[in-house]
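Encoded as structure tokens, the structure appears first; notes follow it.
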Amino acid sequence: MQAADWILWNARIYTQDPEQPEAEALAVVGETLAAVGPMEAVRAWQGPRTRILDLKGATVLPGLIDAHLHLEGYARLQMGVDVDTPTLEEALARVARQAATRPPGEWIVGRGWLQERWGRFPTADDLDRVAPAHPVALWARSGHALWANREAMRRAGVTRDTPDPPGGRIARDAAGEPTGLFFERAIDGIARVIPEPSIEELAEALYEALHALAALGLTAVHNFDGPRSFAALQILHARGISRSGWCNTFLSLCWTTPWPSGCAPGSGMNGCASGR
């Protein structure tokens, strides 16, 4: 019997096995669970180089799988400013810190605001107080609204004469001027002028995102993204980066845009991702 690399014991382990729904310890050999059961039984897997982790009664669950995730969106969110804050002023302070570290004219994007927490909807005036020289676009937590400043609206060509698109609405003040809020399909008017990260930059963001998801207990996700995400994942695969500590990615590919060069379905990820 090969000795375990790791033994986790003194734990409350939920196995999802009806014949043994709970256990006290488990042994890991490589990336395989070699044994799960009482501490004394699992102790037999201990060798001179086995690392022991005493969980002191903590709960252990099987790895979770997210059945529908847009991995690129999550990764890009991690790249941006988090404005999921209890107050509007704290969100503005975070934007101000971003503006202080970036050259004028560079986009600041983020997500997370919730007007119910702040007591009112935010406006372009709020953002212009802290980042007048940067275009700023911040998605609501729901993803169904966007908050922009005047520089962002200028770059998008949004004026008082810009009509509401079908399925969307631009918030306006009593004089008819846009206030900086865009709802549903109106978001596209701002989003279309925000530069996309390069495939290399996206690969770096995905690398961080996969580790962040693993830290949350997600061992796999079904990723509903397009060719850019697939190409970025292939960059990581080509670098030979170990998947240890990663969240595995399974791609559900459903789009009509052209594939990037060398990224046809079935051409990559060695079982870590599959196109269909």
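Simple scheme: letters A, B, ... for chains in structure tokens order, numbers from 1 for residues in each chain, numbers from 1 for ligands in the order shown.
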
All strand (DSSP E or B) positions in segment 14-118 of chain A, as a ChimeraX atom specification: /A:14,22-23,25-29,32-37,51-54,59-60,64-69,81-82,108-113

Shell of 10 Å around His144 of chain A, only C-alpha atoms, local chain residues under 3 positions omitted, as a PyMOL selection string: chain A and resi 139-141+168+182-187

Closest of A:Leu216, A:Ala3, A:Ala91, A:Leu64 to Ala35 of chain A - atom-to-atom distances counting only C-alpha atoms: A:Ala3

List the spatial neighbours of Asp128 of chain A as a tab-separated table (two decimals) with C-alpha atoms, in the first residue's frame - criterion: any atom at most 12 Å away, only C-alpha atoms, same-chain residues fewer than 2 positions off excluded.
```tsv
chain	number	residue	atom	x	y	z
A	92	LEU	CA	-16.33	56.47	-4.23
A	95	VAL	CA	-12.77	54.51	-7.19
A	96	ALA	CA	-10.62	57.44	-6.07
A	99	ALA	CA	-7.84	56.77	-10.18
A	122	PRO	CA	-25.71	57.01	-7.67
A	123	THR	CA	-25.06	59.56	-10.41
A	124	ALA	CA	-22.36	60.73	-12.79
A	125	ASP	CA	-21.89	63.76	-10.51
A	126	ASP	CA	-20.77	61.41	-7.73
A	130	VAL	CA	-13.43	61.51	-7.50
A	131	ALA	CA	-12.39	60.53	-11.05
A	132	PRO	CA	-13.09	63.33	-13.52
A	133	ALA	CA	-10.10	62.45	-15.74
A	134	HIS	CA	-10.94	58.75	-16.10
A	135	PRO	CA	-13.87	57.08	-17.85
A	136	VAL	CA	-15.64	55.03	-15.18
A	137	ALA	CA	-18.20	52.26	-15.69
A	147	TRP	CA	-23.29	53.61	-13.42
A	148	ALA	CA	-21.04	55.84	-15.54
A	149	ASN	CA	-19.39	59.21	-15.27
A	150	ARG	CA	-19.42	61.98	-17.86
A	151	GLU	CA	-16.09	61.00	-19.43
A	152	ALA	CA	-17.44	57.50	-20.07
A	153	MET	CA	-20.61	58.96	-21.58
A	179	THR	CA	-27.72	61.16	-15.02
A	180	GLY	CA	-25.16	58.39	-15.53
```

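Summary of the local environment: counting only C-alpha atoms, residues at most 8 Å from Lys56 of chain A, other than itself and those fewer than 5 positions away along its chain, are A:Trp9, A:Asn10, A:Ala11.
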
All helix (DSSP H, G or I) residues (DSSP, backbone) inside segment 134-267 of chain A, as a ChimeraX atom specification: /A:150-156,187-191,199-215,227-238

Could you take the residues named above and write them with N, CA and C atoms, as a compact mmCIF listing (two decimals), in the first residue's frame?
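The resulting file, part05.txt, is reproduced below:
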```
# COMPACT_ATOMS: atom_id res chain seq x y z
N ARG A 150 -19.25 61.21 -16.62
CA ARG A 150 -19.42 61.98 -17.86
C ARG A 150 -18.35 61.65 -18.90
N GLU A 151 -17.13 61.34 -18.45
CA GLU A 151 -16.09 61.00 -19.43
C GLU A 151 -16.44 59.70 -20.14
N ALA A 152 -17.01 58.74 -19.43
CA ALA A 152 -17.44 57.50 -20.07
C ALA A 152 -18.56 57.78 -21.06
N MET A 153 -19.51 58.63 -20.68
CA MET A 153 -20.61 58.96 -21.58
C MET A 153 -20.11 59.73 -22.80
N ARG A 154 -19.12 60.59 -22.58
CA ARG A 154 -18.56 61.34 -23.72
C ARG A 154 -17.94 60.38 -24.73
N ARG A 155 -17.18 59.41 -24.25
CA ARG A 155 -16.54 58.46 -25.16
C ARG A 155 -17.56 57.59 -25.88
N ALA A 156 -18.68 57.35 -25.24
CA ALA A 156 -19.73 56.54 -25.86
C ALA A 156 -20.65 57.37 -26.74
N ILE A 187 -27.17 49.57 -21.38
CA ILE A 187 -25.81 49.33 -20.92
C ILE A 187 -24.86 49.15 -22.09
N ASP A 188 -25.36 48.54 -23.17
CA ASP A 188 -24.50 48.23 -24.31
C ASP A 188 -23.85 49.49 -24.89
N GLY A 189 -24.53 50.63 -24.78
CA GLY A 189 -23.98 51.86 -25.34
C GLY A 189 -22.67 52.27 -24.69
N ILE A 190 -22.51 51.97 -23.40
CA ILE A 190 -21.26 52.24 -22.70
C ILE A 190 -20.30 51.06 -22.86
N ALA A 191 -20.80 49.85 -22.68
CA ALA A 191 -19.94 48.66 -22.68
C ALA A 191 -19.18 48.50 -23.99
N ILE A 199 -5.83 38.77 -24.95
CA ILE A 199 -5.96 37.37 -24.58
C ILE A 199 -4.95 37.01 -23.49
N GLU A 200 -3.74 37.56 -23.57
CA GLU A 200 -2.73 37.31 -22.54
C GLU A 200 -3.18 37.85 -21.19
N GLU A 201 -3.72 39.07 -21.19
CA GLU A 201 -4.20 39.66 -19.94
C GLU A 201 -5.36 38.85 -19.38
N LEU A 202 -6.23 38.37 -20.27
CA LEU A 202 -7.34 37.55 -19.84
C LEU A 202 -6.85 36.23 -19.25
N ALA A 203 -5.81 35.65 -19.85
CA ALA A 203 -5.25 34.41 -19.32
C ALA A 203 -4.75 34.62 -17.89
N GLU A 204 -4.08 35.74 -17.64
CA GLU A 204 -3.61 36.02 -16.29
C GLU A 204 -4.78 36.17 -15.33
N ALA A 205 -5.84 36.84 -15.79
CA ALA A 205 -7.02 37.02 -14.94
C ALA A 205 -7.71 35.69 -14.65
N LEU A 206 -7.77 34.81 -15.66
CA LEU A 206 -8.37 33.50 -15.47
C LEU A 206 -7.55 32.66 -14.49
N TYR A 207 -6.23 32.77 -14.57
CA TYR A 207 -5.36 32.05 -13.65
C TYR A 207 -5.72 32.41 -12.21
N GLU A 208 -5.85 33.70 -11.94
CA GLU A 208 -6.20 34.14 -10.59
C GLU A 208 -7.62 33.71 -10.23
N ALA A 209 -8.54 33.80 -11.19
CA ALA A 209 -9.93 33.46 -10.92
C ALA A 209 -10.10 31.98 -10.58
N LEU A 210 -9.38 31.11 -11.28
CA LEU A 210 -9.49 29.68 -11.03
C LEU A 210 -9.01 29.33 -9.62
N HIS A 211 -7.97 29.99 -9.18
CA HIS A 211 -7.50 29.75 -7.82
C HIS A 211 -8.48 30.32 -6.80
N ALA A 212 -9.07 31.47 -7.10
CA ALA A 212 -10.04 32.06 -6.18
C ALA A 212 -11.27 31.16 -6.04
N LEU A 213 -11.72 30.57 -7.14
CA LEU A 213 -12.87 29.67 -7.10
C LEU A 213 -12.54 28.42 -6.31
N ALA A 214 -11.34 27.89 -6.48
CA ALA A 214 -10.93 26.71 -5.72
C ALA A 214 -10.92 27.01 -4.22
N ALA A 215 -10.48 28.22 -3.87
CA ALA A 215 -10.45 28.60 -2.45
C ALA A 215 -11.85 28.68 -1.86
N PRO A 227 -15.14 32.31 -27.58
CA PRO A 227 -13.81 31.91 -28.05
C PRO A 227 -12.66 32.57 -27.30
N ARG A 228 -12.84 33.82 -26.83
CA ARG A 228 -11.73 34.48 -26.13
C ARG A 228 -11.36 33.73 -24.84
N SER A 229 -12.36 33.33 -24.10
CA SER A 229 -12.11 32.59 -22.87
C SER A 229 -11.42 31.26 -23.18
N PHE A 230 -11.90 30.59 -24.22
CA PHE A 230 -11.31 29.31 -24.59
C PHE A 230 -9.84 29.49 -24.99
N ALA A 231 -9.55 30.53 -25.77
CA ALA A 231 -8.18 30.79 -26.19
C ALA A 231 -7.29 31.10 -25.00
N ALA A 232 -7.81 31.87 -24.02
CA ALA A 232 -7.02 32.21 -22.84
C ALA A 232 -6.74 30.97 -21.99
N LEU A 233 -7.72 30.09 -21.87
CA LEU A 233 -7.51 28.85 -21.13
C LEU A 233 -6.46 27.97 -21.82
N GLN A 234 -6.45 28.00 -23.15
CA GLN A 234 -5.45 27.22 -23.86
C GLN A 234 -4.04 27.78 -23.64
N ILE A 235 -3.94 29.09 -23.45
CA ILE A 235 -2.63 29.67 -23.13
C ILE A 235 -2.12 29.09 -21.82
N LEU A 236 -2.99 29.01 -20.82
CA LEU A 236 -2.58 28.45 -19.54
C LEU A 236 -2.18 26.98 -19.69
N HIS A 237 -2.96 26.25 -20.49
CA HIS A 237 -2.64 24.84 -20.71
C HIS A 237 -1.29 24.69 -21.42
N ALA A 238 -1.03 25.53 -22.41
CA ALA A 238 0.21 25.44 -23.17
C ALA A 238 1.43 25.76 -22.31
```

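The smallest atom-to-atom distance between Glu106 of chain A and any of A:Ile194, A:Ile7, A:Val221, A:Ala93, using only C-alpha atoms, is found for A:Ile194.
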
Best match for closeness to Leu53 of chain A among A:Glu116, A:Ala25, A:Pro178, A:Arg94, counting only C-alpha atoms: A:Ala25

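For the pair atom CA of Val36 of chain A and atom CA of Pro48 of chain A, the interatomic distance is 19.8 Å.
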
Polymer residues at most 12 Å from Met1 of chain A, only C-alpha atoms, same-chain spacing of 2 or more positions, as a PyMOL selection string: chain A and resi 3-4+29+34-35+44-47

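Reported to one decimal place, the separation of atom CA of His70 of chain A from atom CA of Ala220 of chain A is 12.7 Å.
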